[in-house]
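Q: Before anything else, here's the structure in question.
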Amino acid sequence: MRLRTSITAGLALLLTAGACSAALTGAKGARSAAKPASRSAAAKSRVKKSSRHSKKRERGQKAPAPERISEIQQALAKDGSFTGTPNGKWDDSTAQAMRKFQGSHGLNPTGKLDALTLEKLGLGSQTAGVAAPVPPIPSSAMDTKAAQTPQRQ
């Protein structure tokens with residue numbers, strides 16, 4: 001009987017504490033329902049700004065400039081693959097000459113520009129495809145390195 005009385009008293013105590021707590025939070029909830037909560041400064045700074053990313057990035061490679069196409073046509077003519085006069089336009093004769101050049105130099109004859117073809121034509125980068133790009137050395141590091149290294153005379 002004693003156990004039953006203590007359980008009942010504990011439940012009554014919990015119920016009254018819960019009712020008081022609900023009444024307090026209910027008052028806060030009523031206050032917040034009347035006035036919409038404004039966002040904090042941190043929440044406002046997380047909002048994405050559409051102007052920053054307004055331009056869509058075009059996928060794929062862009063076509064070379066007419067001057068660059070003329071350089072390629074001249075290099076193909078020097079090799080004997082291109083028989084026309086360089087006009088700066090990527091036409092069927094240029095694509096055919098590119099296929100001919102690629103086939104004669106052991107490349108995949110697609111007729112399209114790629115790094116290996118430009119390299120074989122003598123128009124590409126000397127380091128393309130050799131190794132991973134190396135990040136540039138900051139100029140301040142070069143100044144201190146030069147100061148530490150004795151100069152040869």
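Going through the structure tokens in order, the chains are called A, B, and so on, while each chain numbers its residues from 1 and the ligands are numbered from 1 in the order shown.
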Please run DSSP on the backbone and report, as a PyMOL selection string, all residues within segment 43-129 of chain A that come out as helix (DSSP H, G or I).
A: chain A and resi 43-45+66-79+92-104+115-121
Q: Hey, what's within 8 Å of Gly122 of chain A if we count only C-alpha atoms and toss same-chain stuff fewer than 3 positions away? As a compact mmCIF listing (two decimals) with N, CA and C atoms, in the first residue's frame, please?
A:
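Result went into part.txt, see below:
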```txt
# COMPACT_ATOMS: atom_id res chain seq x y z
N ALA A 75 51.03 24.43 -90.91
CA ALA A 75 51.84 23.30 -90.45
C ALA A 75 51.47 22.04 -91.23
N LEU A 118 48.66 18.34 -82.11
CA LEU A 118 49.30 19.66 -82.10
C LEU A 118 50.78 19.54 -81.77
N GLU A 119 51.11 18.63 -80.88
CA GLU A 119 52.52 18.43 -80.52
C GLU A 119 53.31 17.91 -81.73
```
Q: Find, counting only C-alpha atoms, the residue in A:Lys112, A:Lys120, A:Arg2, A:Lys78 that gets nearest to Thr94 of chain A.
A: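 With only C-alpha atoms as the atom set, the closest residue is A:Lys112.
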Q: Work out how far atom CA of Ser70 of chain A is from atom CA of Leu123 of chain A, in Å to one decimal.
A: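 Interatomic distance, atom CA of Leu123 of chain A to atom CA of Ser70 of chain A: 11.7 Å.
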Q: Figure out the distance between atom CA of Asp114 of chain A and atom CA of Lys62 of chain A, please, to one decimal in Å.
A: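 Computing it gives 12.4 Å between the two atoms.
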Q: Using only C-alpha atoms, which residue out of A:Leu76, A:Leu116, A:Ile69, A:Gly84 lies closest to Phe101 of chain A?
A: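 Closest residue, counting only C-alpha atoms: A:Leu76.
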Q: When distances are computed from only C-alpha atoms, which of A:Trp90, A:Gln73, A:Asp79, A:Arg57 shows the smallest separation from His105 of chain A?
A: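 Using only C-alpha atoms, His105 of chain A sits closest to A:Asp79.
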Q: Please determine, counting only C-alpha atoms, which residue among A:Arg68, A:Thr8, A:Gly124, A:Lys100 has the shortest atom-to-atom distance to Thr83 of chain A.
A: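 Closest to Thr83 of chain A of all the choices is A:Lys100.
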Q: How far is it from atom CA of Gly88 of chain A to atom CA of Gln74 of chain A, in Å with one decimal?
A: 9.8 Å
